[in-house]
Structures are given as structure tokens and as C-alpha cells.
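Structure file input05.cif; described as mmCIF, C-alpha atoms and all ligand atoms.
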data_input
loop_
_atom_site.label_atom_id
_atom_site.label_comp_id
_atom_site.auth_asym_id
_atom_site.auth_seq_id
_atom_site.Cartn_x
_atom_site.Cartn_y
_atom_site.Cartn_z
CA MET D 1 6.19 218.25 139.46
CA ALA D 2 3.10 220.43 139.89
CA ARG D 3 3.48 223.90 138.44
CA GLY D 4 4.57 226.22 141.18
CA ALA D 5 5.28 223.37 143.63
CA THR D 6 8.93 224.34 143.71
CA VAL D 7 8.08 227.90 144.63
CA SER D 8 6.01 227.04 147.69
CA LEU D 9 8.68 224.82 149.25
CA PRO D 10 9.85 224.04 151.85
CA ASP D 11 6.97 222.34 153.69
CA ALA D 12 6.16 223.23 157.30
CA ARG D 13 9.06 221.14 158.60
CA GLY D 14 11.63 222.57 156.26
CA HIS D 15 11.72 219.78 153.68
CA PHE D 16 12.45 220.33 150.00
CA GLY D 17 11.27 216.92 148.79
CA ALA D 18 13.56 214.43 150.54
CA PHE D 19 16.08 217.12 151.49
CA GLY D 20 16.42 219.71 154.25
CA GLY D 21 14.86 219.30 157.70
CA ARG D 22 16.42 219.72 161.11
CA PHE D 23 19.16 217.30 162.24
CA VAL D 24 20.55 218.92 165.38
CA PRO D 25 21.18 218.07 169.04
CA GLU D 26 18.06 218.24 171.22
CA THR D 27 19.29 221.47 172.87
CA LEU D 28 19.03 223.33 169.53
CA MET D 29 15.47 222.27 168.70
CA ALA D 30 13.80 224.92 170.89
CA PRO D 31 16.10 227.78 169.71
CA LEU D 32 15.44 226.85 166.07
CA GLU D 33 11.71 226.85 166.70
CA GLU D 34 12.00 230.23 168.42
CA LEU D 35 13.94 231.54 165.43
CA GLU D 36 11.38 230.19 162.99
CA ARG D 37 8.51 231.86 164.86
CA ALA D 38 10.35 235.19 165.14
CA TYR D 39 11.24 235.09 161.45
CA ARG D 40 7.68 234.33 160.39
CA ARG D 41 6.38 237.25 162.44
CA ALA D 42 9.08 239.62 161.17
CA ARG D 43 8.37 239.00 157.50
CA ARG D 44 4.73 239.91 158.04
CA ASP D 45 5.66 243.05 159.98
CA ARG D 46 5.54 246.08 157.71
CA GLN D 47 7.93 248.05 159.88
CA PHE D 48 10.55 245.29 159.72
CA VAL D 49 10.26 245.07 155.94
CA ARG D 50 10.44 248.84 155.58
CA ARG D 51 13.54 249.06 157.79
CA LEU D 52 15.28 246.26 155.89
CA ASN D 53 14.50 247.87 152.53
CA ALA D 54 15.82 251.22 153.75
CA LEU D 55 19.11 249.61 154.87
CA LEU D 56 19.45 247.68 151.61
CA THR D 57 19.05 250.95 149.71
CA ASP D 58 20.91 253.51 151.82
CA PHE D 59 23.55 251.37 153.53
CA ALA D 60 24.21 248.49 151.13
CA GLY D 61 23.63 250.30 147.82
CA ARG D 62 20.63 248.55 146.24
CA PRO D 63 19.35 248.22 143.61
CA THR D 64 22.50 246.96 141.89
CA PRO D 65 22.73 247.55 138.13
CA LEU D 66 21.90 244.94 135.49
CA TYR D 67 24.55 245.77 132.95
CA LEU D 68 24.64 244.72 129.27
CA ALA D 69 28.22 243.53 128.77
CA GLY D 70 28.56 244.74 125.19
CA ARG D 71 32.22 244.02 124.63
CA LEU D 72 32.05 240.53 126.17
CA THR D 73 28.96 239.83 124.05
CA ARG D 74 30.79 240.82 120.85
CA HIS D 75 33.93 238.97 121.96
CA LEU D 76 32.00 235.70 122.41
CA GLY D 77 29.70 236.23 119.41
CA GLY D 78 26.47 234.70 120.70
CA ALA D 79 23.80 235.53 123.27
CA ARG D 80 23.46 239.02 124.76
CA ILE D 81 25.16 238.86 128.17
CA TYR D 82 23.91 240.83 131.14
CA LEU D 83 25.82 241.07 134.43
CA LYS D 84 23.93 241.43 137.72
CA ARG D 85 26.36 243.62 139.65
CA GLU D 86 26.26 242.30 143.23
CA ASP D 87 29.98 243.13 143.36
CA LEU D 88 29.02 246.80 143.71
CA LEU D 89 27.36 246.30 147.10
CA HIS D 90 28.90 247.57 150.36
CA THR D 91 31.55 245.04 151.54
CA GLY D 92 31.86 243.78 147.96
CA ALA D 93 29.49 240.83 147.68
CA HIS D 94 25.88 239.66 147.95
CA LYS D 95 26.42 238.44 151.53
CA ILE D 96 25.35 241.81 152.99
CA ASN D 97 21.74 241.20 151.78
CA ASN D 98 21.41 238.25 154.15
CA CYS D 99 23.40 239.81 156.99
CA LEU D 100 21.19 242.90 157.10
CA GLY D 101 18.05 240.74 157.22
CA GLN D 102 19.33 238.46 159.96
CA GLY D 103 20.99 241.30 161.87
CA LEU D 104 17.68 243.15 162.09
CA LEU D 105 16.01 239.92 163.18
CA ALA D 106 18.60 239.40 165.94
CA ALA D 107 17.99 242.93 167.22
CA ARG D 108 14.23 242.39 167.07
CA MET D 109 14.59 239.14 169.06
CA GLY D 110 16.44 241.09 171.73
CA LYS D 111 19.74 239.21 171.29
CA PRO D 112 22.68 241.51 172.08
CA ARG D 113 25.30 239.23 170.47
CA VAL D 114 25.70 237.63 167.04
CA ILE D 115 28.11 234.86 166.05
CA ALA D 116 29.09 233.69 162.60
CA GLU D 117 31.40 231.30 160.81
CA THR D 118 33.50 232.33 157.87
CA GLY D 119 35.73 230.67 155.25
CA ALA D 120 37.34 233.32 153.09
CA GLY D 121 36.20 235.97 155.53
CA GLN D 122 33.55 237.55 153.29
CA HIS D 123 30.62 236.48 155.44
CA GLY D 124 32.59 237.39 158.57
CA VAL D 125 33.23 240.90 157.25
CA ALA D 126 29.59 241.37 156.23
CA THR D 127 28.42 240.15 159.65
CA ALA D 128 30.91 242.36 161.53
CA THR D 129 29.78 245.32 159.40
CA VAL D 130 26.11 244.82 160.16
CA ALA D 131 26.85 244.16 163.85
CA ALA D 132 28.71 247.47 164.08
CA HIS D 133 25.88 249.27 162.32
CA LEU D 134 23.18 247.77 164.56
CA GLU D 135 25.19 247.96 167.83
CA LEU D 136 25.46 244.20 168.32
CA LYS D 137 28.44 242.37 169.81
CA CYS D 138 30.06 240.07 167.28
CA THR D 139 32.22 236.94 167.39
CA VAL D 140 33.40 235.28 164.19
CA TYR D 141 34.82 231.74 164.04
CA MET D 142 37.42 231.13 161.36
CA GLY D 143 39.74 228.20 160.66
CA GLU D 144 43.39 229.04 161.34
CA GLU D 145 44.32 227.89 157.84
CA ASP D 146 41.82 230.40 156.42
CA MET D 147 43.02 233.16 158.80
CA ALA D 148 46.50 232.81 157.38
CA ARG D 149 45.22 232.85 153.78
CA GLN D 150 42.88 235.82 154.34
CA ARG D 151 44.81 238.15 156.64
CA LEU D 152 43.23 241.30 155.27
CA ASN D 153 39.68 240.16 156.08
CA VAL D 154 40.79 239.28 159.62
CA VAL D 155 42.02 242.86 160.06
CA ARG D 156 38.76 244.20 158.58
CA MET D 157 36.67 242.26 161.10
CA LYS D 158 38.83 243.47 164.00
CA MET D 159 38.67 247.05 162.71
CA LEU D 160 34.87 246.73 162.79
CA GLY D 161 35.01 245.71 166.45
CA ALA D 162 34.44 241.98 166.04
CA GLU D 163 36.27 239.28 167.97
CA VAL D 164 37.84 236.73 165.61
CA VAL D 165 38.32 233.26 167.10
CA GLY D 166 40.77 230.95 165.32
CA VAL D 167 39.73 227.30 165.02
CA SER D 168 42.57 224.76 165.11
CA SER D 169 40.57 221.51 164.87
CA GLY D 170 40.11 219.30 161.79
CA SER D 171 41.27 220.81 158.52
CA ARG D 172 41.23 224.29 160.20
CA THR D 173 38.83 225.59 157.53
CA LEU D 174 35.14 226.47 157.07
CA LYS D 175 33.49 223.24 158.17
CA ASP D 176 35.48 223.26 161.43
CA ALA D 177 34.53 226.91 162.00
CA ILE D 178 30.84 225.96 161.58
CA ASN D 179 31.19 223.18 164.19
CA GLU D 180 32.74 225.68 166.62
CA ALA D 181 30.04 228.31 165.99
CA MET D 182 27.33 225.69 166.63
CA ARG D 183 29.05 224.78 169.92
CA ASP D 184 29.06 228.45 170.97
CA TRP D 185 25.37 228.77 170.07
CA VAL D 186 24.38 225.74 172.16
CA THR D 187 26.18 227.25 175.16
CA ASN D 188 25.02 230.88 174.82
CA VAL D 189 21.67 230.57 173.13
CA GLU D 190 19.87 232.93 175.55
CA THR D 191 21.93 235.94 174.52
CA THR D 192 23.26 234.90 171.14
CA TYR D 193 21.97 234.86 167.58
CA TYR D 194 23.70 232.53 165.09
CA LEU D 195 23.98 234.45 161.80
CA LEU D 196 24.47 231.71 159.18
CA GLY D 197 26.00 232.78 155.87
CA SER D 198 24.33 230.64 153.23
CA VAL D 199 21.24 228.54 152.43
CA CYS D 200 22.63 225.63 154.47
CA GLY D 201 22.06 224.34 157.99
CA ALA D 202 18.88 223.35 159.79
CA HIS D 203 15.41 224.72 159.06
CA PRO D 204 14.62 227.68 158.95
CA TYR D 205 18.05 228.88 157.73
CA PRO D 206 17.78 227.60 154.12
CA VAL D 207 14.41 229.29 153.55
CA MET D 208 15.24 232.44 155.55
CA VAL D 209 18.57 233.11 153.81
CA ARG D 210 16.92 232.39 150.46
CA ASP D 211 14.18 234.91 151.18
CA PHE D 212 16.73 237.60 152.06
CA GLN D 213 18.69 236.89 148.85
CA THR D 214 15.72 236.79 146.42
CA VAL D 215 16.03 240.57 146.15
CA ILE D 216 18.69 239.72 143.52
CA GLY D 217 16.21 237.86 141.32
CA ARG D 218 13.32 240.26 141.89
CA GLU D 219 15.41 243.23 140.77
CA THR D 220 16.81 241.25 137.82
CA ARG D 221 13.31 240.38 136.67
CA GLU D 222 12.19 244.01 136.66
CA GLN D 223 15.41 245.21 135.05
CA ILE D 224 15.48 242.67 132.23
CA LEU D 225 11.80 243.26 131.44
CA ARG D 226 12.56 246.96 131.15
CA ALA D 227 15.68 246.42 129.02
CA GLU D 228 14.59 243.55 126.77
CA LYS D 229 10.79 243.52 127.16
CA ARG D 230 11.01 239.80 127.91
CA LEU D 231 12.43 237.23 130.31
CA PRO D 232 16.00 235.91 129.89
CA ASP D 233 16.68 232.57 128.20
CA ALA D 234 19.21 231.53 130.83
CA LEU D 235 20.45 232.46 134.29
CA VAL D 236 23.94 231.45 135.43
CA ALA D 237 25.37 231.69 138.97
CA CYS D 238 28.05 229.98 141.05
CA VAL D 239 27.08 227.60 143.87
CA GLY D 240 29.02 227.46 147.12
CA GLY D 241 26.44 227.02 149.87
CA GLY D 242 24.00 228.20 147.24
CA SER D 243 22.70 231.61 148.37
CA ASN D 244 23.56 233.96 145.49
CA SER D 245 22.33 231.42 142.94
CA ILE D 246 19.02 230.63 144.68
CA GLY D 247 18.54 234.38 145.20
CA LEU D 248 18.78 234.92 141.46
CA PHE D 249 16.87 231.77 140.41
CA HIS D 250 13.97 231.70 142.81
CA PRO D 251 11.79 234.48 141.34
CA PHE D 252 12.06 232.71 137.93
CA LEU D 253 11.40 229.08 139.00
CA ARG D 254 7.80 229.23 137.77
CA GLU D 255 8.93 230.26 134.27
CA PRO D 256 9.55 227.11 132.23
CA ALA D 257 11.22 229.13 129.43
CA VAL D 258 14.00 230.33 131.72
CA LYS D 259 16.90 227.85 131.91
CA MET D 260 19.03 227.90 135.04
CA VAL D 261 22.60 226.77 135.48
CA GLY D 262 24.40 226.42 138.82
CA VAL D 263 28.19 226.31 138.59
CA GLU D 264 30.27 224.46 141.18
CA ALA D 265 34.00 224.29 141.80
CA GLY D 266 35.61 221.63 139.59
CA GLY D 267 38.93 222.39 141.30
CA ARG D 268 41.96 220.55 139.89
CA GLY D 269 40.27 217.28 138.90
CA ALA D 270 37.45 214.75 139.32
CA ALA D 271 39.03 212.71 142.15
CA LEU D 272 37.48 213.01 145.61
CA GLY D 273 39.42 215.70 147.48
CA ASP D 274 40.29 217.69 144.35
CA HIS D 275 36.98 219.55 143.84
CA ALA D 276 33.76 220.74 145.48
CA ALA D 277 31.23 219.50 142.88
CA ARG D 278 28.44 218.03 144.95
CA LEU D 279 25.66 218.24 142.38
CA ALA D 280 27.29 218.37 138.96
CA GLN D 281 28.32 214.72 138.68
CA SER D 282 27.35 213.18 141.97
CA ARG D 283 27.86 209.50 142.84
CA ARG D 284 30.67 209.22 140.32
CA ASN D 285 32.76 211.73 142.27
CA GLY D 286 31.92 210.77 145.86
CA SER D 287 28.80 212.87 146.40
CA ARG D 288 25.85 211.15 148.11
CA PRO D 289 22.91 212.31 150.22
CA GLY D 290 23.79 212.58 153.89
CA VAL D 291 23.55 214.89 156.89
CA LEU D 292 25.93 217.82 157.28
CA HIS D 293 25.57 220.73 159.70
CA GLY D 294 21.92 220.05 160.50
CA THR D 295 20.48 219.39 157.06
CA PHE D 296 20.00 216.41 154.71
CA THR D 297 21.58 217.14 151.35
CA TYR D 298 24.23 216.00 148.89
CA VAL D 299 27.56 215.70 150.72
CA LEU D 300 31.03 214.83 149.44
CA GLN D 301 32.08 211.79 151.47
CA ASP D 302 34.38 208.79 151.25
CA LYS D 303 33.07 205.24 151.13
CA HIS D 304 32.91 205.07 154.94
CA GLY D 305 30.72 208.19 155.10
CA GLN D 306 33.52 210.44 156.37
CA ILE D 307 33.21 214.03 155.13
CA ALA D 308 35.71 214.40 152.30
CA ALA D 309 38.32 217.09 151.88
CA THR D 310 37.50 219.58 149.14
CA HIS D 311 39.58 221.86 146.96
CA SER D 312 38.89 225.03 145.03
CA VAL D 313 40.96 228.05 144.08
CA SER D 314 37.96 229.96 145.38
CA ALA D 315 37.40 229.71 149.15
CA GLY D 316 33.72 230.65 148.88
CA LEU D 317 32.95 227.53 146.84
CA ASP D 318 35.10 225.18 148.92
CA TYR D 319 32.49 223.35 151.06
CA PRO D 320 31.56 219.63 151.13
CA GLY D 321 27.79 220.21 151.49
CA VAL D 322 25.28 222.36 149.63
CA GLY D 323 21.91 223.98 150.39
CA PRO D 324 19.11 221.37 150.46
CA GLU D 325 16.92 223.28 147.99
CA HIS D 326 19.66 222.87 145.38
CA ALA D 327 19.71 219.10 146.05
CA TYR D 328 15.98 219.11 145.32
CA LEU D 329 16.28 221.31 142.21
CA ARG D 330 18.99 218.98 140.92
CA ASP D 331 16.96 215.80 141.39
CA THR D 332 13.84 217.34 139.83
CA LYS D 333 16.05 218.64 136.98
CA ARG D 334 14.65 222.18 137.25
CA VAL D 335 18.21 223.51 137.51
CA GLN D 336 21.19 222.10 135.68
CA TYR D 337 24.43 221.89 137.67
CA THR D 338 27.84 221.91 136.12
CA SER D 339 31.41 222.53 137.23
CA VAL D 340 34.32 224.67 136.10
CA THR D 341 37.99 224.04 136.93
CA ASP D 342 40.34 226.38 138.81
CA GLU D 343 42.16 227.14 135.54
CA GLU D 344 38.95 227.97 133.65
CA ALA D 345 37.80 230.28 136.45
CA LEU D 346 41.15 232.12 136.61
CA GLU D 347 41.08 232.59 132.84
CA ALA D 348 37.46 233.81 132.94
CA ALA D 349 38.41 236.39 135.59
CA ARG D 350 41.11 237.70 133.24
CA VAL D 351 38.72 237.81 130.26
CA LEU D 352 36.00 239.70 132.16
CA SER D 353 38.56 242.14 133.59
CA GLN D 354 40.05 242.94 130.20
CA GLN D 355 36.82 242.94 128.16
CA GLU D 356 34.65 244.90 130.59
CA GLY D 357 36.87 246.52 133.20
CA ILE D 358 35.30 244.46 135.97
CA ILE D 359 37.48 242.23 138.18
CA PRO D 360 35.17 239.53 139.58
CA ALA D 361 35.59 237.45 142.73
CA LEU D 362 36.94 234.00 141.83
CA GLU D 363 33.59 232.50 142.90
CA ALA D 364 31.74 234.63 140.35
CA ALA D 365 34.46 233.89 137.78
CA HIS D 366 33.21 230.27 137.79
CA ALA D 367 29.83 231.52 136.52
CA VAL D 368 31.55 233.71 133.94
CA ALA D 369 33.59 230.69 132.73
CA GLU D 370 30.35 228.79 132.13
CA VAL D 371 28.96 231.73 130.14
CA ILE D 372 32.16 231.81 128.05
CA LYS D 373 31.43 228.16 127.10
CA ARG D 374 27.71 228.62 126.60
CA ALA D 375 27.07 232.05 125.03
CA PRO D 376 28.79 231.34 121.68
CA LYS D 377 26.40 228.39 121.16
CA MET D 378 23.36 230.60 121.70
CA LYS D 379 21.69 232.88 119.13
CA PRO D 380 22.34 236.64 119.08
CA ASP D 381 18.69 237.34 119.95
CA GLN D 382 18.95 235.23 123.10
CA VAL D 383 19.66 236.70 126.53
CA VAL D 384 21.73 235.29 129.39
CA VAL D 385 22.10 236.83 132.85
CA VAL D 386 25.14 235.98 134.98
CA ASN D 387 25.39 236.90 138.63
CA ILE D 388 28.62 238.68 139.55
CA SER D 389 28.31 237.72 143.22
CA GLY D 390 31.33 239.70 144.38
CA ARG D 391 34.37 241.74 143.44
CA GLY D 392 37.88 240.38 143.05
CA ASP D 393 39.92 242.53 145.45
CA LYS D 394 40.19 239.70 147.98
CA ASP D 395 41.66 237.41 145.31
CA MET D 396 44.44 239.66 144.00
CA ASP D 397 47.27 237.48 145.38
CA ILE D 398 45.97 234.41 143.54
CA LEU D 399 45.22 236.42 140.39
CA ALA D 400 48.73 237.88 140.45
CA ARG D 401 50.20 234.37 140.43
CA HIS D 402 47.96 233.45 137.49
CA LEU D 403 49.10 236.50 135.50
CA SER D 404 52.80 235.63 135.82
C1 LIG D 501 30.52 233.42 149.77
C2 LIG D 501 30.53 233.74 148.33
C3 LIG D 501 29.97 232.86 147.37
C4 LIG D 501 29.42 231.51 147.70
O1 LIG D 501 28.32 231.47 148.53
P1 LIG D 501 26.84 231.21 148.02
O2 LIG D 501 26.07 231.00 149.27
O3 LIG D 501 26.86 229.97 147.16
O4 LIG D 501 26.40 232.37 147.25
C5 LIG D 501 29.95 233.28 146.05
N1 LIG D 501 30.47 234.47 145.67
C6 LIG D 501 31.03 235.31 146.56
C7 LIG D 501 31.59 236.60 146.07
C8 LIG D 501 31.08 234.98 147.91
O5 LIG D 501 31.63 235.84 148.78
#
If you convert what's in this file into C-alpha cells, what do you get?
Ligand SMILES: *Cc1c(COP(=O)(O)O)cnc(C)c1O
Amino acid sequence: MARGATVSLPDARGHFGAFGGRFVPETLMAPLEELERAYRRARRDRQFVRRLNALLTDFAGRPTPLYLAGRLTRHLGGARIYLKREDLLHTGAHKINNCLGQGLLAARMGKPRVIAETGAGQHGVATATVAAHLELKCTVYMGEEDMARQRLNVVRMKMLGAEVVGVSSGSRTLKDAINEAMRDWVTNVETTYYLLGSVCGAHPYPVMVRDFQTVIGRETREQILRAEKRLPDALVACVGGGSNSIGLFHPFLREPAVKMVGVEAGGRGAALGDHAARLAQSRRNGSRPGVLHGTFTYVLQDKHGQIAATHSVSAGLDYPGVGPEHAYLRDTKRVQYTSVTDEEALEAARVLSQQEGIIPALEAAHAVAEVIKRAPKMKPDQVVVVNISGRGDKDMDILARHLS
């Protein structure tokens, strides 16, 4: 691969090597092109960039700290461990970075209404928050199974003035909510902006969401250079759709000395249906390239090409597809992908809480579990950065069961 090639992707049609692109019904081609044009103009507009930066600072709470986890470092006895504290952002996770960017874009495009899909409710809450702040109407699609599991987030969205629409088709979870949101968009595209929550979907979503999340990696780069006077040896982040990880990784892709590890949900076992590891051990576990929700990427599927069921203790990692840029980074071996089981993630959440006084979201606990395996094998003068993508409040019921 040419040096820097990775950084300049995708190409003009949204391809990351063989992956990505735009696989949607004809009626969505024009709206996606309109979105792409509006986005390209916005990123060159100094006023747009200034307004987004002001909101990230004053409303969301950026920059987030890069914190040297001294006790965890001593506890594990290896590399120096830094935590990127995205859990300290308003609404409790990195998702607000993307929602502010796209919310401003929706307003700029003159769309009075935004729609979103949500699994655990985190993206729904972030979208409803931004919609309230920017005076946009908001509808969030959520599987009925997820609504039952995440009651508190449903109340949050309603409190913020959003309409929450339960989806009763399929497995009544995230992928069904996405189908329903896409149906709404096709019908109401004149007035409605589809605010997608991760680096998935048709072009330009994977590149646009990535761009809004790279603030994580840009800050980390500055902060680690100030603290250590050098770049980190390794970056570790969890991979659901792939937005917090690509946001951390992207500003370092050109640096061959920086290793990167993406951590997926290993769930309760390697059998299809028991995990959401699309990149870590694909082919062996039912993951093959295919089209899901408008993009060509690795997808968990059975031998007939039916989208497989997935399982994870962490709703944010529980998705059968993955952002197309990650598929590309896997095949070119620039990023290493691995998986962590439910049990390992629950235990890592306990360790981080008790060593550092920080209760992570179960998604982020997957990244912490990988660091717990890896740091002791590294030298004390080495540096690893782990992204704490969100806080654990939403997971207290599950964590309580683990404690007892
Ligand atoms: C949604 C979510 C994730 C997974 O999404 P990505 O797009 O892979 O980042 C990870 N952590 C938290 C806290 C989340 O809310």
C-alpha cells in the first residue's frame, strides 16, 4: 500500500478498496448526492467549522482529557496506559461529536426534521439532544426489544421532545430500526435529514461520520506529544459500527510505528449467533463480504446469505455489519482486529472501576479488556492509549448482575 493511501480514502465514489460504495434504492441516489455536495461545501465553510468547534467546546465539553491511568498501569505492570475520556462528554459518549456535526449540516441544508435509528438508545439520546438544541423536529426509530431493555433512554429522548417509534419487525432490534428509518427517509426526503450514528451506510456517511469523530484522534495526538514527547506505541478501541475507533485511529494511520487494535464483541462463543465479531476471525465464524444497509463490507451471515443474529452483552457492539473502512483496514492489515467475550468485558469494567474510579460503558470495557491482556506483555517505557468511548451508567443493571 502506498504511504498515505489509506489516509486519502475513500475515492470519489466512496470506495475503500473493494469496500463501501452506495447500494440503495434508486429513490435515495439523488438525496445521497445532495447530502454529499452539502457536506463538501460545509467542511470548506469557515463559519460552519467555527460553529461546530464552538458547540463541541461549550456544549459537549471538548477537549476531553487524556489521563494517565497510574494505578491500572502499576496493577498490570507493563506499558503506561492512557485513557481518552470520551465518557466525560455531554450525554456520556462520543456519539455527540457526530450528532453535532450532522445536526448543523441538517440545519444548513434547510431540513426542519431529523430522524435516527438507535440500538441501546445512546445515539437516539445524542440526536434528540442536538435536535432540541438546534430547534429541529426529531423522530427516533428503536426496536421494541431494545425499548424494553433501555427504558431510561426512551424516557430521556421523550423528555428532550423527540418522538420515539417502536419497531416490531424482524428481531425488533437495531438492524430493524435502521430499515424503518431508511423507509421514513425515502418517503419524507424533502423535509427530513437522516442522522446516521456510525461509520456505516451508503457513501458519504462512512467518510462524513469519520471526519466528525477524528477530533478524538487529533486531540489525542496533541495531548500525548505534550505528555510523553512522542507518539504512542499502540491505540486500542472497541468496534461496533466503528466510529469511535476510526476517530481515534485515523490521525495516526500514516505513522507506521503506531499499532492499532480494534476490539469486537466475542459474546458468549464462536458459533454464528453468539457474537458480533465480523473482522476478528472472519470466514471461520460466518463473516463474509456482502451488502448491508447500503454499503459493501464484512457481514455476519448464514450459508444462504441471510443476515445472522448477533449477541453481545453490550448493545452498542451488537450489529451484524461494520463500517467499510474497517473492512479495508483489516484486509490491508493496517489495523489488527480481535474480540473479547462478555465475561472478559464485564470483568474489565470492574477492574477499571476499582483501580481508577471510572465506570466505563460495556462497549469501552471491551477495549479495556484487551489492554488488560496486552499491557503486561509490553515494556514499561511503552505507551498505550485506550478510548473510553462512554460511561457506564446505562449498563448498571447488567453490571449489578455481574457483581452478585
Ligand atoms: C454506540 C457506542 C459504541 C459503538 O459504536 P462505534 O460506532 O463503533 O463507536 C461504543 N461505545 C459507546 C459508549 C457507544 O455508545
Exercise. Hey, which residues come within 7 Å of ligand LIG 501 (chain D) if we count all atoms listed in the file? Could you give them as a ChimeraX atom specification?
Worked result: /D:93-95,122-123,197-199,238-245,316-317,361,363-364,389-391
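With distances restricted to all atoms listed in the file, D:Pro232 is the closest residue to Gln382 in chain D from D:Gly119, D:Pro10, D:Pro65, D:Pro232.
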Exercise. So how far away is CA of Gly269 in chain D from CA of Leu403 in chain D, in Å?
Worked result: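 The value is 21.4 Å.
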For this session: Find the residue from D:Val140, D:Ala79, D:Leu362, D:Leu56 that sits nearest to Asp381 in chain D; use only C-alpha atoms when measuring.
Result: D:Ala79
Exercise. D:Arg221, D:Leu272, D:Leu104, D:Arg330: which is nearest Glu255 in chain D, counting all atoms listed in the file?
Worked result: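 Counting all atoms listed in the file, the residue closest to Glu255 in chain D is D:Arg221.
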For this session: Counting all atoms listed in the file, find the residues whose atoms lie at most 8 Å from (23.3, 240.3, 133.5) (file coordinates) and write them out as a PyMOL selection string.
Result: chain D and resi 66-69+81-85+220+384-387
For this session: Write out as a ChimeraX atom specification the residues lying within 9 Å of range 113-118 of chain D, counting all atoms listed in the file and excluding same-chain residues fewer than 2 positions away.
Result: /D:103,106-107,111,120-125,127-128,131,136-143,146,173-175,177-181,184-185,191-197
Please produce, as JSON lines, a per-residue contact table for range 324-387 of chain D versus range 20-33 of chain D (criterion: any atom at most 10 Å away, only C-alpha atoms considered), showing the nearest atom pair and its distance in Å to one decimal, sorted by chain then residue number.
{"residue": "D:Pro324", "atom": "CA", "partner": "D:Gly20", "partner_atom": "CA", "distance": 4.9}
{"residue": "D:Glu325", "atom": "CA", "partner": "D:Gly20", "partner_atom": "CA", "distance": 7.2}
{"residue": "D:His326", "atom": "CA", "partner": "D:Gly20", "partner_atom": "CA", "distance": 10.0}
{"residue": "D:Ala327", "atom": "CA", "partner": "D:Gly20", "partner_atom": "CA", "distance": 8.9}
{"residue": "D:Tyr328", "atom": "CA", "partner": "D:Gly20", "partner_atom": "CA", "distance": 9.0}
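One finds CA of Ala237 in chain D at 21.5 Å from CA of Asn285 in chain D.
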Problem set entry | CA of Val368 in chain D to CA of Leu279 in chain D, distance in Å rounded to a single decimal |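 These two atoms are separated by 18.6 Å.
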Problem set entry | Residue nearest Pro376 in chain D among D:Gly77, D:Ala162, D:Leu35, D:Ala12 (counting all atoms listed in the file) |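 Of the candidates, the smallest distance to Pro376 in chain D is held by D:Gly77.
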For this session: Kindly indicate which residue among D:His75, D:Ala400, D:Glu190, D:Met157 lies nearest to Gln354 in chain D, using all atoms listed in the file for the distances.
Result: D:His75
Skipping near chain neighbours, those fewer than 2 positions away, what residues fall within 10 Å of Ala271 in chain D using all atoms listed in the file, listed as a compact mmCIF listing (two decimals) with C-alpha atoms, in the coordinates of the input?
# COMPACT_ATOMS: atom_id res chain seq x y z
CA GLY D 266 35.61 221.63 139.59
CA GLY D 267 38.93 222.39 141.30
CA ARG D 268 41.96 220.55 139.89
CA GLY D 269 40.27 217.28 138.90
CA GLY D 273 39.42 215.70 147.48
CA ASP D 274 40.29 217.69 144.35
CA HIS D 275 36.98 219.55 143.84
CA ARG D 284 30.67 209.22 140.32
CA ASN D 285 32.76 211.73 142.27
CA GLY D 286 31.92 210.77 145.86
CA THR D 310 37.50 219.58 149.14
Exercise. Looking at D:Val236, D:Ala280, D:Val155, D:Val335, which one is nearest to Arg374 in chain D, with distances taken over only C-alpha atoms?
Worked result: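 Looking at the shortest contact to Arg374 in chain D, the residue is D:Val236.
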What box, with edges along x, y and z, holds each listed atom of range 70-75 of chain D when 5 Å is added on every side, and can you state its centre and edge lengths in Å to one decimal, as JSON?
{"center_x": 31.2, "center_y": 241.9, "center_z": 123.5, "size_x": 15.4, "size_y": 15.8, "size_z": 15.3}
Missing atoms of range 213-225 of chain D rebuilt to N, CA and C atoms, written as a compact mmCIF listing (two decimals), in the frame of the given file:
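Just written: result35.txt:
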# COMPACT_ATOMS: atom_id res chain seq x y z
N GLN D 213 17.89 236.73 150.07
CA GLN D 213 18.69 236.89 148.85
C GLN D 213 17.83 237.01 147.58
N THR D 214 16.52 236.73 147.65
CA THR D 214 15.72 236.79 146.42
C THR D 214 15.58 238.21 145.89
N VAL D 215 16.01 239.20 146.67
CA VAL D 215 16.03 240.57 146.15
C VAL D 215 16.86 240.64 144.86
N ILE D 216 17.86 239.76 144.74
CA ILE D 216 18.69 239.72 143.52
C ILE D 216 17.83 239.37 142.31
N GLY D 217 17.04 238.31 142.43
CA GLY D 217 16.21 237.86 141.32
C GLY D 217 15.03 238.79 141.04
N ARG D 218 14.46 239.35 142.10
CA ARG D 218 13.32 240.26 141.89
C ARG D 218 13.76 241.51 141.12
N GLU D 219 14.89 242.07 141.51
CA GLU D 219 15.41 243.23 140.77
C GLU D 219 15.74 242.84 139.32
N THR D 220 16.41 241.69 139.15
CA THR D 220 16.81 241.25 137.82
C THR D 220 15.60 241.14 136.91
N ARG D 221 14.52 240.57 137.45
CA ARG D 221 13.31 240.38 136.67
C ARG D 221 12.76 241.72 136.16
N GLU D 222 12.66 242.68 137.06
CA GLU D 222 12.19 244.01 136.66
C GLU D 222 13.11 244.65 135.64
N GLN D 223 14.43 244.53 135.91
CA GLN D 223 15.41 245.21 135.05
C GLN D 223 15.47 244.61 133.66
N ILE D 224 15.37 243.29 133.55
CA ILE D 224 15.48 242.67 132.23
C ILE D 224 14.20 242.91 131.44
N LEU D 225 13.05 242.96 132.13
CA LEU D 225 11.80 243.26 131.44
C LEU D 225 11.83 244.67 130.87
